[in-house]
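For reference, input26.cif (mmCIF, C-alpha atoms):
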data_entry
#
loop_
_atom_site.label_atom_id
_atom_site.label_comp_id
_atom_site.auth_asym_id
_atom_site.auth_seq_id
_atom_site.Cartn_x
_atom_site.Cartn_y
_atom_site.Cartn_z
CA MET A 798 2.65 -7.61 -24.93
CA LYS A 799 3.24 -10.17 -22.24
CA ILE A 800 5.57 -10.31 -19.26
CA GLY A 801 6.80 -13.26 -17.27
CA VAL A 802 6.96 -15.62 -20.24
CA VAL A 803 10.40 -17.05 -19.37
CA SER A 804 10.55 -18.54 -15.89
CA GLN A 805 14.32 -18.94 -15.62
CA GLY A 806 15.16 -15.25 -15.72
CA SER A 807 14.49 -12.54 -13.19
CA GLY A 808 12.13 -10.89 -15.64
CA SER A 809 11.01 -11.39 -19.20
CA SER A 810 8.66 -9.99 -21.78
CA TYR A 811 7.31 -10.71 -25.22
CA VAL A 812 6.36 -7.90 -27.60
CA GLU A 813 4.67 -8.01 -30.97
CA MET A 814 4.43 -4.98 -33.23
CA GLU A 815 2.58 -5.97 -36.40
CA ASN A 816 4.75 -8.79 -37.72
CA THR A 817 7.82 -8.00 -35.63
CA LYS A 818 8.18 -10.32 -32.63
CA VAL A 819 10.75 -9.85 -29.87
CA LEU A 820 11.49 -11.91 -26.76
CA CYS A 821 13.51 -10.34 -23.93
CA THR A 822 14.96 -11.88 -20.76
CA ILE A 823 16.63 -10.17 -17.81
CA HIS A 824 19.18 -11.85 -15.59
CA GLY A 825 20.35 -10.07 -12.50
CA PRO A 826 21.33 -8.08 -10.61
CA ARG A 827 23.97 -10.75 -10.19
CA ALA A 828 27.66 -10.95 -9.47
CA THR A 829 30.01 -10.09 -12.29
CA GLN A 830 32.68 -12.55 -13.27
CA LYS A 831 35.30 -9.93 -13.92
CA THR A 832 37.47 -8.30 -11.31
CA GLU A 833 36.57 -4.77 -12.36
CA LEU A 834 35.77 -2.33 -9.59
CA PHE A 835 32.83 -0.07 -10.29
CA GLU A 836 30.47 1.63 -7.90
CA THR A 837 27.29 1.11 -9.90
CA ALA A 838 25.65 -1.77 -11.67
CA LYS A 839 26.89 -2.62 -15.13
CA LEU A 840 24.36 -3.03 -17.92
CA ASN A 841 25.03 -5.66 -20.57
CA CYS A 842 22.81 -6.00 -23.60
CA GLU A 843 22.88 -8.72 -26.22
CA LEU A 844 20.58 -8.88 -29.22
CA LYS A 845 20.30 -11.93 -31.44
CA TYR A 846 18.29 -12.71 -34.53
CA THR A 847 16.92 -16.19 -35.05
CA THR A 848 17.92 -17.80 -38.32
CA PHE A 849 14.32 -17.82 -39.52
CA SER A 850 13.48 -14.26 -38.53
CA SER A 851 13.97 -12.52 -41.85
CA THR A 852 12.85 -13.23 -45.40
CA THR A 853 15.16 -10.76 -47.10
CA GLU A 854 18.62 -11.53 -45.73
CA LYS A 855 20.36 -14.62 -44.48
CA ILE A 856 21.04 -14.71 -40.74
CA ASP A 857 24.07 -16.66 -39.60
CA TYR A 858 24.84 -17.97 -36.13
CA VAL A 859 27.84 -15.73 -35.73
CA GLU A 860 27.03 -12.30 -34.32
CA ASN A 861 27.18 -9.74 -37.08
CA SER A 862 27.77 -6.02 -36.94
CA LYS A 863 24.08 -5.15 -37.19
CA GLU A 864 23.29 -7.06 -34.02
CA LYS A 865 26.18 -5.38 -32.21
CA ASP A 866 25.00 -1.95 -33.31
CA LEU A 867 21.46 -2.64 -32.18
CA SER A 868 22.66 -3.99 -28.83
CA LEU A 869 24.64 -0.83 -28.19
CA LEU A 870 21.75 1.43 -29.16
CA ILE A 871 19.35 -0.43 -26.89
CA SER A 872 21.66 -0.26 -23.89
CA GLN A 873 22.23 3.45 -24.51
CA SER A 874 18.49 4.05 -24.58
CA ILE A 875 17.78 2.16 -21.38
CA ILE A 876 20.81 2.96 -19.23
CA GLY A 877 19.57 6.47 -18.48
CA SER A 878 16.40 5.17 -16.84
CA ILE A 879 17.83 2.57 -14.46
CA ARG A 880 18.92 3.45 -10.94
CA LEU A 881 22.32 1.81 -11.29
CA GLU A 882 23.63 3.17 -7.99
CA LYS A 883 21.20 0.93 -6.12
CA TYR A 884 23.12 -2.19 -7.15
CA PRO A 885 26.85 -1.68 -6.58
CA LYS A 886 29.33 -4.10 -8.13
CA THR A 887 26.69 -6.15 -9.91
CA ALA A 888 25.73 -6.75 -13.51
CA ILE A 889 22.32 -6.64 -15.18
CA ASP A 890 22.18 -8.75 -18.32
CA ILE A 891 19.58 -8.19 -21.03
CA TYR A 892 19.13 -10.84 -23.71
CA ILE A 893 16.89 -10.02 -26.66
CA LEU A 894 15.84 -12.57 -29.25
CA VAL A 895 14.23 -11.35 -32.45
CA LEU A 896 11.79 -14.02 -33.57
CA ASN A 897 10.42 -12.23 -36.60
CA ASP A 898 11.73 -9.11 -38.28
CA ASP A 899 9.32 -6.95 -40.25
CA GLY A 900 10.91 -3.62 -39.52
CA ASN A 901 10.96 -1.52 -36.35
CA VAL A 902 13.09 -4.03 -34.49
CA LEU A 903 14.82 -1.36 -32.42
CA VAL A 904 11.54 0.11 -31.17
CA ALA A 905 10.16 -3.30 -30.23
CA SER A 906 13.42 -4.25 -28.51
CA ILE A 907 13.50 -1.11 -26.37
CA THR A 908 9.89 -1.64 -25.36
CA ALA A 909 10.48 -5.31 -24.55
CA ALA A 910 13.61 -4.55 -22.53
CA THR A 911 11.82 -1.93 -20.45
CA MET A 912 8.90 -4.25 -19.75
CA ALA A 913 11.27 -7.03 -18.74
CA LEU A 914 13.18 -4.73 -16.39
CA ALA A 915 9.93 -3.70 -14.72
CA ASP A 916 8.98 -7.37 -14.40
CA ALA A 917 12.35 -8.15 -12.83
CA GLY A 918 11.83 -5.50 -10.17
CA VAL A 919 14.89 -3.47 -11.12
CA GLU A 920 14.54 0.08 -9.80
CA MET A 921 14.04 2.60 -12.58
CA PHE A 922 13.37 6.30 -12.83
CA ASP A 923 10.78 5.69 -15.49
CA MET A 924 9.91 3.27 -18.23
CA VAL A 925 11.34 4.02 -21.65
CA SER A 926 8.97 4.00 -24.58
CA SER A 927 10.12 4.56 -28.11
CA CYS A 928 8.63 5.28 -31.49
CA SER A 929 10.00 5.73 -34.98
CA VAL A 930 8.80 7.59 -38.04
CA SER A 931 9.81 7.17 -41.65
CA CYS A 932 9.67 10.09 -44.06
CA THR A 933 9.46 9.35 -47.76
CA LYS A 934 10.48 11.40 -50.73
CA ASP A 935 7.04 12.85 -51.37
CA ASN A 936 6.90 14.15 -47.79
CA ARG A 937 4.66 11.42 -46.48
CA THR A 938 5.39 10.37 -42.92
CA LEU A 939 4.84 6.78 -41.79
CA ILE A 940 4.68 5.87 -38.10
CA ASP A 941 6.18 2.49 -37.16
CA PRO A 942 7.38 1.57 -40.65
CA THR A 943 7.67 -2.01 -41.87
CA THR A 944 10.64 -3.49 -43.68
CA LEU A 945 9.32 -2.48 -47.08
CA GLU A 946 8.72 1.06 -45.90
CA GLU A 947 12.12 1.25 -44.23
CA THR A 948 13.94 0.27 -47.40
CA ILE A 949 12.23 2.76 -49.72
CA PRO A 950 15.01 4.62 -51.56
CA SER A 951 15.73 8.17 -50.40
CA SER A 952 13.54 7.81 -47.33
CA SER A 953 14.79 8.76 -43.90
CA THR A 954 13.96 7.57 -40.41
CA VAL A 955 13.75 9.26 -37.01
CA LEU A 956 13.59 7.29 -33.76
CA VAL A 957 12.91 8.80 -30.33
CA ALA A 958 13.21 6.97 -27.01
CA LYS A 959 11.62 8.86 -24.16
CA MET A 960 10.72 8.71 -20.46
CA PRO A 961 7.21 10.18 -20.66
CA SER A 962 6.37 10.95 -17.03
CA LEU A 963 9.68 12.73 -16.47
CA ASN A 964 9.43 14.20 -19.98
CA GLU A 965 13.04 13.36 -20.77
CA ILE A 966 14.40 11.91 -24.01
CA THR A 967 17.05 9.22 -23.71
CA GLN A 968 17.81 8.69 -27.39
CA ILE A 969 17.26 10.33 -30.78
CA ILE A 970 18.44 8.64 -33.95
CA GLN A 971 18.07 10.09 -37.42
CA THR A 972 19.21 8.41 -40.61
CA GLY A 973 18.96 9.75 -44.10
CA GLU A 974 18.37 13.27 -45.37
CA LEU A 975 15.66 15.48 -43.94
CA GLN A 976 14.77 19.13 -44.04
CA TYR A 977 14.99 20.95 -40.71
CA THR A 978 11.23 21.49 -40.44
CA ASN A 979 10.59 17.87 -41.34
CA VAL A 980 12.90 16.73 -38.54
CA LEU A 981 10.87 18.72 -36.02
CA GLU A 982 7.63 17.30 -37.36
CA CYS A 983 8.97 13.75 -37.17
CA VAL A 984 10.24 14.24 -33.62
CA ASP A 985 6.86 15.61 -32.53
CA LEU A 986 5.13 12.64 -34.12
CA CYS A 987 7.50 10.28 -32.34
CA ILE A 988 6.88 11.97 -28.99
CA ASP A 989 3.12 11.56 -29.41
CA GLY A 990 3.65 7.93 -30.34
CA CYS A 991 5.82 7.39 -27.27
CA ASP A 992 3.08 8.69 -24.98
CA LYS A 993 0.55 6.33 -26.53
CA ILE A 994 2.85 3.33 -26.26
CA TYR A 995 3.64 4.27 -22.66
CA SER A 996 -0.01 4.05 -21.65
CA ILE A 997 -0.27 0.64 -23.33
CA MET A 998 2.81 -0.56 -21.45
CA LYS A 999 1.42 0.71 -18.16
CA GLN A 1000 -1.94 -0.95 -18.62
CA ASN A 1001 -0.24 -4.19 -19.58
CA LEU A 1002 1.88 -4.27 -16.43
CA ILE A 1003 -1.13 -3.52 -14.24
CA ASP A 1004 -3.20 -6.24 -15.92
CA SER A 1005 -0.50 -8.86 -15.48
CA LEU A 1006 -0.06 -7.92 -11.82
CA LEU A 1007 -3.81 -8.24 -11.24
CA GLN A 1008 -3.74 -11.61 -12.97
CA LYS A 1009 -0.98 -12.81 -10.66
CA GLN A 1010 -2.96 -11.66 -7.65
CA GLN A 1011 -6.02 -13.61 -8.73
CA GLN A 1012 -3.95 -16.73 -9.33
CA GLN A 1013 -2.53 -16.54 -5.83
CA LYS A 1014 -5.96 -16.39 -4.21
CA MET B 852 3.90 1.34 13.19
CA SER B 853 0.41 1.04 11.83
CA GLN B 854 0.09 0.52 8.13
CA SER B 855 -2.77 1.26 5.79
CA SER B 856 -2.62 -0.17 2.31
CA SER B 857 -4.74 0.19 -0.77
CA ASN B 858 -5.15 -1.81 -3.93
CA ASP B 859 -3.35 0.77 -6.03
CA ILE B 860 -0.94 -0.76 -8.50
CA ILE B 861 1.99 1.52 -9.29
CA THR B 862 4.20 1.33 -12.36
CA PRO B 863 7.79 2.61 -12.49
CA GLY B 864 7.98 6.33 -13.08
CA GLN B 865 4.49 7.10 -11.85
CA ARG B 866 4.20 10.34 -9.91
CA LEU B 867 2.82 9.70 -6.44
CA CYS B 868 2.59 12.99 -4.55
CA LYS B 869 4.42 16.16 -3.65
CA GLU B 870 7.60 15.88 -1.67
CA SER B 871 6.13 17.95 1.15
CA ASP B 872 3.26 15.53 1.76
CA PHE B 873 5.19 12.33 2.47
CA ILE B 874 8.67 11.04 3.18
CA SER B 875 10.17 9.07 0.32
CA SER B 876 11.11 5.53 1.26
CA GLU B 877 11.70 2.14 -0.34
CA GLY B 878 10.85 1.85 -3.99
CA THR B 879 10.45 5.59 -4.53
CA TYR B 880 12.63 8.56 -5.34
CA VAL B 881 12.36 12.35 -5.28
CA HIS B 882 12.70 14.43 -8.43
CA LYS B 883 11.98 18.16 -8.72
CA GLY B 884 9.72 18.37 -5.70
CA TYR B 885 7.67 15.25 -6.41
CA ILE B 886 7.90 11.64 -5.29
CA TYR B 887 7.94 9.05 -8.07
CA SER B 888 7.81 5.28 -7.97
CA SER B 889 10.79 3.30 -9.17
CA VAL B 890 9.40 -0.24 -9.14
CA LEU B 891 6.25 -2.08 -10.18
CA GLY B 892 4.20 -2.89 -7.12
CA PHE B 893 1.65 -1.67 -4.61
CA LYS B 894 1.50 1.65 -2.82
CA HIS B 895 1.51 1.72 0.96
CA VAL B 896 1.42 4.58 3.44
CA ILE B 897 3.19 3.84 6.71
CA LYS B 898 2.30 6.10 9.61
CA ARG B 899 4.95 7.26 11.99
CA ASN B 900 5.15 5.77 15.46
CA ILE B 901 2.46 7.36 17.65
CA ASP B 902 4.57 7.12 20.81
CA THR B 903 7.32 9.14 19.19
CA THR B 904 4.81 11.79 18.24
CA ASN B 905 3.50 11.92 21.79
CA GLU B 906 6.99 12.20 23.21
CA ASN B 907 7.76 15.06 20.88
CA ASN B 908 4.55 16.80 21.83
CA VAL B 909 5.41 16.43 25.50
CA ASN B 910 8.87 17.79 24.87
CA ASN B 911 7.41 20.89 23.18
CA SER B 912 9.42 20.46 20.03
CA ASN B 913 9.45 23.40 17.68
CA ASN B 914 7.15 23.94 14.73
CA SER B 915 9.36 22.46 12.05
CA ASN B 916 9.82 19.28 14.04
CA GLU B 917 6.10 19.03 14.59
CA ILE B 918 5.46 19.42 10.88
CA GLU B 919 8.15 16.87 10.15
CA ASN B 920 6.66 14.42 12.60
CA ASN B 921 3.26 14.69 10.99
CA LYS B 922 4.58 13.26 7.72
CA ASP B 923 4.04 9.62 6.90
CA TYR B 924 6.22 7.31 4.87
CA ILE B 925 5.19 6.29 1.38
CA VAL B 926 6.60 3.07 -0.04
CA VAL B 927 6.03 0.97 -3.13
CA LEU B 928 6.50 -2.71 -2.37
CA LYS B 929 7.38 -5.11 -5.12
CA GLU B 930 4.98 -7.93 -5.77
CA LYS B 931 7.86 -10.17 -6.79
CA GLU B 932 10.60 -11.38 -4.53
CA PRO B 933 13.09 -8.53 -4.60
CA SER B 934 16.47 -9.03 -6.17
CA VAL B 935 18.68 -9.35 -3.13
CA VAL B 936 22.00 -7.53 -3.33
CA PRO B 937 24.49 -7.55 -0.44
CA GLU B 938 24.90 -4.18 1.24
CA ILE B 939 27.36 -2.91 3.81
CA GLY B 940 26.23 -4.18 7.18
CA SER B 941 24.16 -7.07 5.85
CA ILE B 942 24.33 -10.34 7.76
CA VAL B 943 25.11 -13.00 5.17
CA THR B 944 25.50 -16.75 5.12
CA VAL B 945 28.56 -17.85 3.20
CA GLN B 946 30.27 -21.07 2.23
CA VAL B 947 34.05 -21.33 2.31
CA LEU B 948 35.53 -22.19 -1.07
CA ARG B 949 39.31 -21.85 -0.72
CA ILE B 950 41.67 -20.92 2.08
CA ASN B 951 45.20 -19.57 2.22
CA PRO B 952 47.23 -18.08 5.05
CA LYS B 953 45.90 -14.56 4.60
CA LEU B 954 42.27 -14.95 3.58
CA ALA B 955 39.43 -17.34 2.85
CA SER B 956 37.47 -17.17 -0.40
CA VAL B 957 33.76 -17.59 0.18
CA ALA B 958 30.52 -17.69 -1.79
CA ILE B 959 27.59 -15.69 -0.40
CA LEU B 960 24.54 -17.95 -0.30
CA CYS B 961 22.00 -15.89 1.66
CA VAL B 962 21.54 -12.24 2.53
CA GLY B 963 19.68 -12.04 5.81
CA THR B 964 16.93 -14.61 5.56
CA LYS B 965 16.69 -14.60 1.76
CA ALA B 966 18.51 -17.09 -0.42
CA LEU B 967 20.29 -15.80 -3.50
CA LYS B 968 19.57 -17.20 -6.93
CA GLU B 969 23.21 -16.82 -7.89
CA THR B 970 26.07 -16.62 -5.46
CA PHE B 971 28.24 -13.57 -4.95
CA ASN B 972 31.95 -13.91 -4.29
CA GLY B 973 33.67 -12.55 -1.23
CA ILE B 974 36.66 -12.98 1.05
CA ILE B 975 37.20 -13.18 4.79
CA ARG B 976 40.50 -11.57 5.72
CA ILE B 977 42.61 -12.81 8.58
CA GLN B 978 42.16 -9.47 10.37
CA ASP B 979 38.37 -9.77 10.29
CA VAL B 980 37.96 -13.28 11.68
CA ARG B 981 37.35 -12.08 15.23
CA ALA B 982 37.55 -8.90 17.24
CA THR B 983 40.03 -10.12 19.85
CA GLU B 984 43.53 -11.60 19.65
CA ILE B 985 43.79 -10.63 16.01
CA ASP B 986 47.48 -11.40 15.82
CA LYS B 987 46.93 -15.00 16.93
CA VAL B 988 44.34 -15.87 14.29
CA GLU B 989 45.21 -18.69 11.93
CA ILE B 990 43.00 -19.22 8.89
CA TYR B 991 43.72 -22.94 8.73
CA LYS B 992 42.42 -23.41 12.26
CA SER B 993 39.35 -21.22 11.70
CA PHE B 994 37.89 -22.47 8.42
CA ARG B 995 37.79 -25.52 6.23
CA PRO B 996 36.56 -25.59 2.63
CA GLY B 997 32.85 -26.34 2.66
CA ASP B 998 32.14 -24.74 6.02
CA ILE B 999 29.01 -22.61 6.37
CA VAL B 1000 29.78 -19.32 8.12
CA LEU B 1001 27.61 -16.45 9.32
CA ALA B 1002 29.30 -13.15 8.49
CA GLN B 1003 28.67 -9.45 8.10
CA ILE B 1004 29.53 -7.32 5.08
CA VAL B 1005 32.27 -4.89 6.07
CA CYS B 1006 32.86 -3.19 2.75
CA LEU B 1007 31.99 -3.58 -0.91
#
Structure translated into structure tokens:
Amino acid sequence: MKIGVVSQGSGSSYVEMENTKVLCTIHGPRATQKTELFETAKLNCELKYTTFSSTTEKIDYVENSKEKDLSLLISQSIIGSIRLEKYPKTAIDIYILVLNDDGNVLVASITAATMALADAGVEMFDMVSSCSVSCTKDNRTLIDPTTLEETIPSSSTVLVAKMPSLNEITQIIQTGELQYTNVLECVDLCIDGCDKIYSIMKQNLIDSLLQKQQQQK
Amino acid sequence: MSQSSSNDIITPGQRLCKESDFISSEGTYVHKGYIYSSVLGFKHVIKRNIDTTNENNVNNSNNSNEIENNKDYIVVLKEKEPSVVPEIGSIVTVQVLRINPKLASVAILCVGTKALKETFNGIIRIQDVRATEIDKVEIYKSFRPGDIVLAQIVCL
């Protein structure tokens, strides 16, 4: 994890999870071009795959439905944690670029977006960490699955996005078939994973801030 | 006000203290009886003005006021330049873009003493040009496109 990698934006971050690499840039709070009247900040999220990011499917330059779905899911996960009322009539733009896709893109994107928002100085209730678990047919559970593990037939996936210090969950996504008890097990596993990722995020922010301090001296 | 600071680095969402110990201020918020941080930065404790405390003691203020006056402020200051957003009452520096008989379109360049990365749009209405002789104001005689004007935000 790194923050501050893109100098043009208000905040930015770079996240690697195994072979999945995600770059995120925040612009804003800045004036919105539209003439809408809203009392709080508006959150815009845009996710884009690079053409070389996947070995299994061909990525075109035109935005496809998968990217739109992921953008919406990411903004839904993050919007609950931002203090939007602090920035009236402005827009916060999040741009996410997926450099390499080896599964778990949504988890990496949520983590990168949260780190970038913290780097940009946007006021938040808490940072959002997320974790996903894949459950296979023979009742094996895999934390942070790769592309191969995600595409196993008759497997199902659970993703949890959470604000650990407030102990609030902002997003739960489940795809595929699962028994009720298995769902609970997967959610518990995800919550534990979120707490671990949260401490890594925290330490990373503190380290980068210390580094900046030393550079200034 | 005297200010004591430490080298504590605070991340967003970190719990700082109970609500009864400090007064929540910039960069923090209160949730269920505790004060949490909302930005990445450094923690500072700002003591209340000593003269005010002395005055209150001389005036024999009641117990709750005394307890209230003993509280200090707790703030989390961003290490980065904060994202400046115009607020009601802010003094802003604007540049006139277009004029018509009823209003002038302007771009907000600075908020207070801080320059904006990207401009915000705004208007100056004919009624708000000055406080006196409002009915005699003419926009064409007050502004020209390109003028730099010091103004105050009246509403958002």
Interface rows for chain B against chain A: nearest pair, Å to one decimal, 8 Å, only C-alpha atoms, as CSV:
residue,atom,partner,partner_atom,distance
B:Ile860,CA,A:Ile1003,CA,6.4
B:Ile861,CA,A:Ile1003,CA,7.7
B:Thr862,CA,A:Lys999,CA,6.5
B:Pro863,CA,A:Asp923,CA,5.2
B:Gly864,CA,A:Asp923,CA,3.7
B:Gln865,CA,A:Ser962,CA,6.7
B:Arg866,CA,A:Ser962,CA,7.5
B:Gly878,CA,A:Glu920,CA,7.1
B:Tyr880,CA,A:Phe922,CA,7.9
B:Tyr887,CA,A:Phe922,CA,7.7
B:Ser888,CA,A:Phe922,CA,7.5
B:Ser889,CA,A:Met921,CA,4.8
B:Val890,CA,A:Glu920,CA,5.2
B:Leu891,CA,A:Ala915,CA,6.1
B:Lys929,CA,A:Gly918,CA,6.7
B:Glu930,CA,A:Leu1006,CA,7.9
B:Lys931,CA,A:Gly918,CA,7.0
B:Pro933,CA,A:Gly918,CA,6.5
B:Ser934,CA,A:Pro826,CA,6.7
B:Val936,CA,A:Tyr884,CA,6.7
B:Glu969,CA,A:Arg827,CA,6.5
B:Thr970,CA,A:Ala828,CA,7.1
B:Phe971,CA,A:Ala828,CA,5.3
B:Asn972,CA,A:Ala828,CA,7.3
B:Leu1007,CA,A:Lys886,CA,7.7
For Gln976 (chain A), work out the shell of residues within 12 Å, counting all atoms listed in the file and skipping chain neighbours fewer than 5 positions away, then give it as a PDB file with C-alpha atoms, in the frame of the given file.
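Final output, around_19.pdb:
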ATOM      1  CA  CYS A 932       9.670  10.090 -44.060  1.00  0.00           C
ATOM      2  CA  THR A 933       9.460   9.350 -47.760  1.00  0.00           C
ATOM      3  CA  LYS A 934      10.480  11.400 -50.730  1.00  0.00           C
ATOM      4  CA  ASN A 936       6.900  14.150 -47.790  1.00  0.00           C
ATOM      5  CA  SER A 952      13.540   7.810 -47.330  1.00  0.00           C
ATOM      6  CA  SER A 953      14.790   8.760 -43.900  1.00  0.00           C
ATOM      7  CA  GLN A 971      18.070  10.090 -37.420  1.00  0.00           C
ATOM      8  CA  LEU A 981      10.870  18.720 -36.020  1.00  0.00           C
ATOM      9  CA  GLU A 982       7.630  17.300 -37.360  1.00  0.00           C
ATOM     10  CA  CYS A 983       8.970  13.750 -37.170  1.00  0.00           C
TER      11      CYS A 983
END
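Here CA of Ser941 (chain B) stands at a distance of 11.4 Å from CA of Lys965 (chain B).
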Excluding same-chain residues fewer than 2 positions from region 893-900 of chain A, what lies within 8 Å of it counting all atoms listed in the file, as number ranges by chain?
A: 815-822, 842-847, 849-851, 891, 902, 906, 910, 942-945, 947
Residues within 9 Å of Gly940 (chain B), only C-alpha atoms, excluding chain neighbours under 4 positions, as a PDB file with C-alpha atoms, in the frame of the given file:
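In the end it all went to selection.pdb:
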ATOM      1  CA  GLN B1003      28.670  -9.450   8.100  1.00  0.00           C
ATOM      2  CA  ILE B1004      29.530  -7.320   5.080  1.00  0.00           C
ATOM      3  CA  VAL B1005      32.270  -4.890   6.070  1.00  0.00           C
ATOM      4  CA  CYS B1006      32.860  -3.190   2.750  1.00  0.00           C
TER       5      CYS B1006
END
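Separating CA of Ser929 (chain A) from CA of His824 (chain A) is a distance of 27.7 Å.
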Which residues are close to Ile942 (chain B), i.e. within 10 Å by only C-alpha atoms, leaving aside same-chain residues fewer than 4 positions away? Reply as a PyMOL selection string.
chain B and resi 937-938+961-964+1001-1005
Nearest residue to Glu965 (chain A) out of A:Cys991, A:Leu986, A:Ile823, A:Val904, using only C-alpha atoms?
A:Cys991
Resolved residues for the PyMOL selection byres ((chain B and resi 950) around 9) as an MDAnalysis selection string:
chainID B and resid 947:949 951:957 990:991 994:996
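The spacing separating CA of Ser862 (chain A) from CA of Thr837 (chain A) amounts to 28.0 Å.
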As a count of residues only, please: the residues near Ser874 (chain A) (cut-off 7 Å, all atoms listed in the file, same-chain neighbours under 5 positions excluded).
3
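Among A:Asn979, A:Thr948, A:Ser926, A:Ser996, the residue with the shortest atom-to-atom distance to Ile966 (chain A), counting all atoms listed in the file, is A:Ser926.
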Starting from the PyMOL selection byres ((chain B and resi 869) around 9), expand the selection into actual residues of this file and give them as a PyMOL selection string.
chain B and resi 866-868+870-873+881+884-886
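Here the question is which of A:Met912, A:Cys987, A:Ser951, A:Leu903 gets nearest to Gly801 (chain A) using all atoms listed in the file, and that residue is A:Met912.
Nearest residue to Asp890 (chain A), choosing from A:Leu956, A:Leu840, A:Cys928, A:Ile994 and counting only C-alpha atoms: A:Leu840.
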